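Below is my_file.cif, holding mmCIF, C-alpha atoms.
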data_upload
loop_
_atom_site.label_atom_id
_atom_site.label_comp_id
_atom_site.auth_asym_id
_atom_site.auth_seq_id
_atom_site.Cartn_x
_atom_site.Cartn_y
_atom_site.Cartn_z
CA MET A 1 89.64 98.29 40.39
CA LEU A 2 88.00 100.30 43.21
CA ILE A 3 86.65 97.10 44.78
CA ALA A 4 90.14 95.55 44.75
CA ILE A 5 91.64 98.61 46.49
CA ASN A 6 88.86 98.56 49.10
CA MET A 7 89.45 94.84 49.69
CA ILE A 8 93.19 95.45 50.18
CA PHE A 9 92.48 98.21 52.73
CA LEU A 10 89.94 95.99 54.47
CA LEU A 11 92.45 93.12 54.72
CA ILE A 12 95.15 95.45 56.06
CA PHE A 13 92.69 96.86 58.63
CA ALA A 14 91.63 93.34 59.71
CA PHE A 15 95.28 92.29 60.05
CA LEU A 16 96.15 95.35 62.18
CA LEU A 17 93.06 94.87 64.34
CA ALA A 18 93.95 91.22 64.96
CA LYS A 19 97.51 92.20 65.94
CA LEU A 20 96.20 94.90 68.29
CA LEU A 21 93.79 92.49 69.97
CA THR A 22 96.58 89.92 70.42
CA LEU A 23 98.81 92.57 71.99
CA LEU A 24 96.02 93.71 74.33
CA LYS A 25 95.38 90.12 75.47
CA GLN A 26 99.10 89.57 76.17
CA THR A 27 99.31 92.83 78.12
CA GLN A 28 96.17 91.98 80.09
CA ARG A 29 97.61 88.58 81.08
CA GLN A 30 100.87 90.22 82.22
CA VAL A 31 99.09 92.92 84.24
CA HIS A 32 96.62 90.52 85.85
CA HIS A 33 99.51 88.35 87.01
CA PHE A 34 100.39 91.04 89.56
CA HIS A 35 97.25 93.11 90.10
CA PRO A 36 94.18 93.72 87.96
CA PHE A 37 95.02 97.40 87.42
CA ILE A 38 98.65 98.02 88.37
CA PRO A 39 101.65 96.60 86.50
CA GLU A 40 104.73 95.25 88.29
CA THR A 41 107.14 97.94 89.44
CA GLY A 42 110.56 98.05 91.02
CA PRO A 43 113.02 95.36 92.01
CA ALA A 44 111.65 91.87 92.63
CA ILE A 45 110.68 90.52 96.03
CA GLY A 46 113.79 88.98 97.57
CA THR A 47 116.10 91.58 96.04
CA LYS A 48 118.43 93.54 98.30
CA LEU A 49 117.43 97.20 98.12
CA GLN A 50 120.05 99.57 96.82
CA SER A 51 120.44 102.42 99.33
CA LEU A 52 120.74 105.66 97.42
CA PRO A 53 121.17 109.12 98.99
CA PHE A 54 118.01 111.20 99.25
CA LEU A 55 117.42 114.68 100.60
CA THR A 56 115.11 115.46 103.50
CA LEU A 57 112.66 118.35 103.27
CA ASN A 58 115.19 120.57 105.05
CA GLY A 59 117.92 119.69 102.52
CA GLN A 60 119.99 117.20 104.51
CA GLU A 61 121.22 113.99 102.90
CA GLN A 62 119.58 110.77 104.15
CA GLN A 63 120.34 107.15 103.25
CA LEU A 64 117.55 104.58 103.32
CA ASN A 65 119.79 102.13 105.17
CA HIS A 66 119.97 104.60 108.10
CA LEU A 67 116.22 104.37 108.72
CA PRO A 68 114.79 101.84 111.22
CA ARG A 69 113.71 98.41 110.02
CA PRO A 70 111.38 96.92 108.99
CA LEU A 71 110.62 99.78 106.66
CA ILE A 72 107.73 100.62 104.35
CA ILE A 73 108.86 102.74 101.42
CA ASN A 74 106.07 104.57 99.62
CA PHE A 75 107.10 106.22 96.33
CA THR A 76 104.66 109.03 95.59
CA HIS A 77 104.33 111.94 93.21
CA THR A 78 102.69 115.29 93.89
CA GLY A 79 100.72 114.98 90.65
CA CYS A 80 99.25 111.62 91.67
CA GLY A 81 95.76 111.95 93.10
CA HIS A 82 95.74 108.38 94.40
CA CYS A 83 99.06 108.83 96.27
CA ALA A 84 97.61 111.09 98.98
CA ASN A 85 94.69 108.69 99.48
CA HIS A 86 97.13 105.79 99.83
CA VAL A 87 99.18 107.65 102.46
CA HIS A 88 96.00 108.47 104.41
CA GLU A 89 95.02 104.81 104.19
CA LEU A 90 98.42 103.89 105.68
CA LEU A 91 97.99 106.49 108.43
CA SER A 92 94.53 105.12 109.27
CA GLU A 93 96.03 101.71 110.01
CA GLY A 94 97.75 103.17 113.09
CA SER A 95 101.23 103.55 114.47
CA VAL A 96 102.31 100.09 113.31
CA LEU A 97 102.55 101.50 109.80
CA THR A 98 103.27 105.14 110.60
CA ASP A 99 106.34 104.30 112.70
CA ALA A 100 107.77 102.07 109.97
CA SER A 101 106.97 104.27 106.97
CA VAL A 102 108.85 106.71 104.81
CA ILE A 103 107.46 108.63 101.86
CA ILE A 104 109.74 109.21 98.93
CA SER A 105 108.40 112.06 96.87
CA THR A 106 109.52 111.98 93.29
CA GLU A 107 108.88 115.68 92.92
CA SER A 108 112.43 117.04 92.92
CA GLU A 109 111.41 120.46 94.25
CA HIS A 110 111.09 120.66 98.04
CA ILE A 111 108.51 123.45 97.77
CA SER A 112 106.16 121.31 95.65
CA THR A 113 106.44 118.37 98.02
CA SER A 114 105.93 120.55 101.11
CA GLN A 115 102.88 122.14 99.50
CA TRP A 116 101.48 118.71 98.55
CA LEU A 117 101.92 117.47 102.13
CA LYS A 118 100.21 120.56 103.52
CA GLU A 119 97.31 120.46 101.03
CA ASN A 120 96.71 116.78 101.80
CA ASN A 121 97.15 117.13 105.58
CA ILE A 122 99.95 114.56 105.70
CA SER A 123 102.33 114.59 108.65
CA GLY A 124 104.01 112.22 111.05
CA ILE A 125 105.90 110.25 108.38
CA PRO A 126 109.46 111.02 107.26
CA VAL A 127 109.57 112.42 103.73
CA LEU A 128 112.54 112.14 101.39
CA ILE A 129 113.00 113.78 98.00
CA GLY A 130 113.87 111.64 95.00
CA ASN A 131 114.70 112.39 91.37
CA GLU A 132 114.59 110.83 87.90
CA PRO A 133 117.84 108.82 88.18
CA MET A 134 116.54 107.30 91.41
CA LEU A 135 113.28 106.31 89.75
CA GLU A 136 115.31 104.58 87.05
CA ALA A 137 117.56 102.88 89.63
CA TYR A 138 114.53 101.57 91.55
CA LYS A 139 112.58 100.85 88.33
CA ILE A 140 109.50 102.77 89.50
CA ASN A 141 106.90 102.93 86.73
CA HIS A 142 103.75 103.94 88.60
CA PHE A 143 102.63 105.73 91.76
CA PRO A 144 102.21 104.91 94.51
CA SER A 145 104.78 102.09 94.58
CA VAL A 146 105.20 100.45 97.98
CA PHE A 147 107.95 98.13 99.27
CA VAL A 148 108.29 96.41 102.65
CA ILE A 149 112.00 96.10 103.54
CA ASP A 150 113.42 93.81 106.25
CA GLU A 151 116.43 94.24 108.57
CA GLN A 152 118.82 92.95 105.87
CA ASP A 153 117.53 95.53 103.32
CA VAL A 154 115.73 92.79 101.37
CA ILE A 155 112.39 93.55 99.71
CA ARG A 156 109.89 91.22 101.40
CA ALA A 157 106.63 92.47 99.89
CA LYS A 158 105.19 94.93 97.40
CA PRO A 159 101.67 95.38 98.76
CA ILE A 160 98.92 97.30 97.01
CA THR A 161 96.68 98.35 99.93
CA ALA A 162 97.39 99.62 103.44
CA VAL A 163 95.66 96.61 104.99
CA GLU A 164 97.88 94.29 102.96
CA THR A 165 100.91 96.39 103.95
CA LYS A 166 100.03 96.05 107.65
CA LYS A 167 99.62 92.27 107.34
CA LYS A 168 102.99 91.91 105.59
CA LEU A 169 104.73 94.10 108.16
CA LEU A 170 103.23 92.23 111.13
CA ALA A 171 104.11 88.89 109.54
CA LEU A 172 107.69 90.10 109.06
CA ALA A 173 107.80 91.08 112.75
CA GLY A 174 106.38 87.66 113.72
CA GLU A 175 103.17 89.14 115.14
CA PRO A 176 99.60 88.02 114.37
CA ALA A 177 97.78 90.18 111.84
#
Starting from the file, lay out its structure as structure tokens.
Amino acid sequence: MLIAINMIFLLIFAFLLAKLLTLLKQTQRQVHHFHPFIPETGPAIGTKLQSLPFLTLNGQEQQLNHLPRPLIINFTHTGCGHCANHVHELLSEGSVLTDASVIISTESEHISTSQWLKENNISGIPVLIGNEPMLEAYKINHFPSVFVIDEQDVIRAKPITAVETKKKLLALAGEPA
């Protein structure tokens, strides 16, 4: 009787393990389709960006469609260690990226965002404050999430690195990379 119960538990365990491995393989294929470590986020390339109202650090309302184009939108979070590194990587690529960039902090408190900028020595890029409904509207599921937007507010690229961002931006402007 005890052997039969052990066999049943062993079969159930083997079944669950097989299901888990199948699920992991499916997830890995989906993730690797976009990037080996980062899953797809946000609206698809070719989608017209919805311009939602954000607040600036001094509390004024700002629309994305009022910012110059082409535009690099970098969704960050003050709790994301990689986000500050990514912004510094963008800054290191020079004024081509700095002049076309905006940071959207998903930390809804201005004080937290200001402190994060100060601690990470980030300046020279406009910063807007987002919130949870905006993350849902833009379908942001990881940080940083970067979009390159053209003059018609269409998402032209969702680059992973600053070098890739610069190449996409220069290509959009018709300049050699």
- Residues in the PyMOL selection byres ((chain A and resi 90) around 12), expressed as a PyMOL selection string: chain A and resi 72-74+83-89+91-103+122-125+144+146+159-167+169
- Contacts of Ile140 (chain A) within 12 Å, all atoms listed in the file, excl. fewer than 3 positions in-chain, as a list of chain:residue names: A:Ile38, A:Pro39, A:Glu40, A:Thr41, A:Gly42, A:Pro43, A:Ala44, A:Ile73, A:Asn74, A:Phe75, A:Thr76, A:His77, A:Ile104, A:Ser105, A:Thr106, A:Gly130, A:Asn131, A:Glu132, A:Pro133, A:Met134, A:Leu135, A:Glu136, A:Ala137, A:Phe143, A:Pro144, A:Ser145, A:Val146, A:Phe147, A:Lys158
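Taken over the shown file, the PyMOL selection byres ((chain A and resi 68-70) around 9) identifies Leu64, Asn65, His66, Leu67, Leu71, Ile72, Asp99, Ala100, Ser101, Val148, Ile149, Asp150, Glu151, Gln152, Asp153, Leu169, Leu172 and Ala173 of chain A.
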- Pairwise distance, CA of Lys19 (chain A) with CA of Met7 (chain A), equals 18.3 Å
As JSON: centre and edge lengths in Å, one decimal, of the axis-aligned box holding region 70-84 of chain A with 6 Å per side:
{"center_x": 103.6, "center_y": 106.1, "center_z": 99.8, "size_x": 27.6, "size_y": 30.4, "size_z": 30.3}
- Query: Suppose you want the space between CA of His110 (chain A) and CA of Asn141 (chain A); what is it in Å?
  - Reply: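 These atoms are spaced 21.4 Å apart.
Going from CA of Ser51 (chain A) to CA of Leu128 (chain A) covers 12.7 Å.
With only C-alpha atoms as the atoms that count, the minimum distance from Ala171 (chain A) to the choices A:Ile8, A:Arg156, A:Gln50, A:Ser112 is reached by A:Arg156.
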- Given the file above and the PyMOL selection byres ((chain A and resi 56) around 10), which residues are selected, and can you give them as a PyMOL selection string? chain A and resi 53-55+57-63+104+110+126-130
- Message: Using all atoms listed in the file for the distances, tell me which of A:Leu49, A:Leu20, A:Leu117, A:Ile5 is nearest to Ile155 (chain A).
- Response: A:Leu49
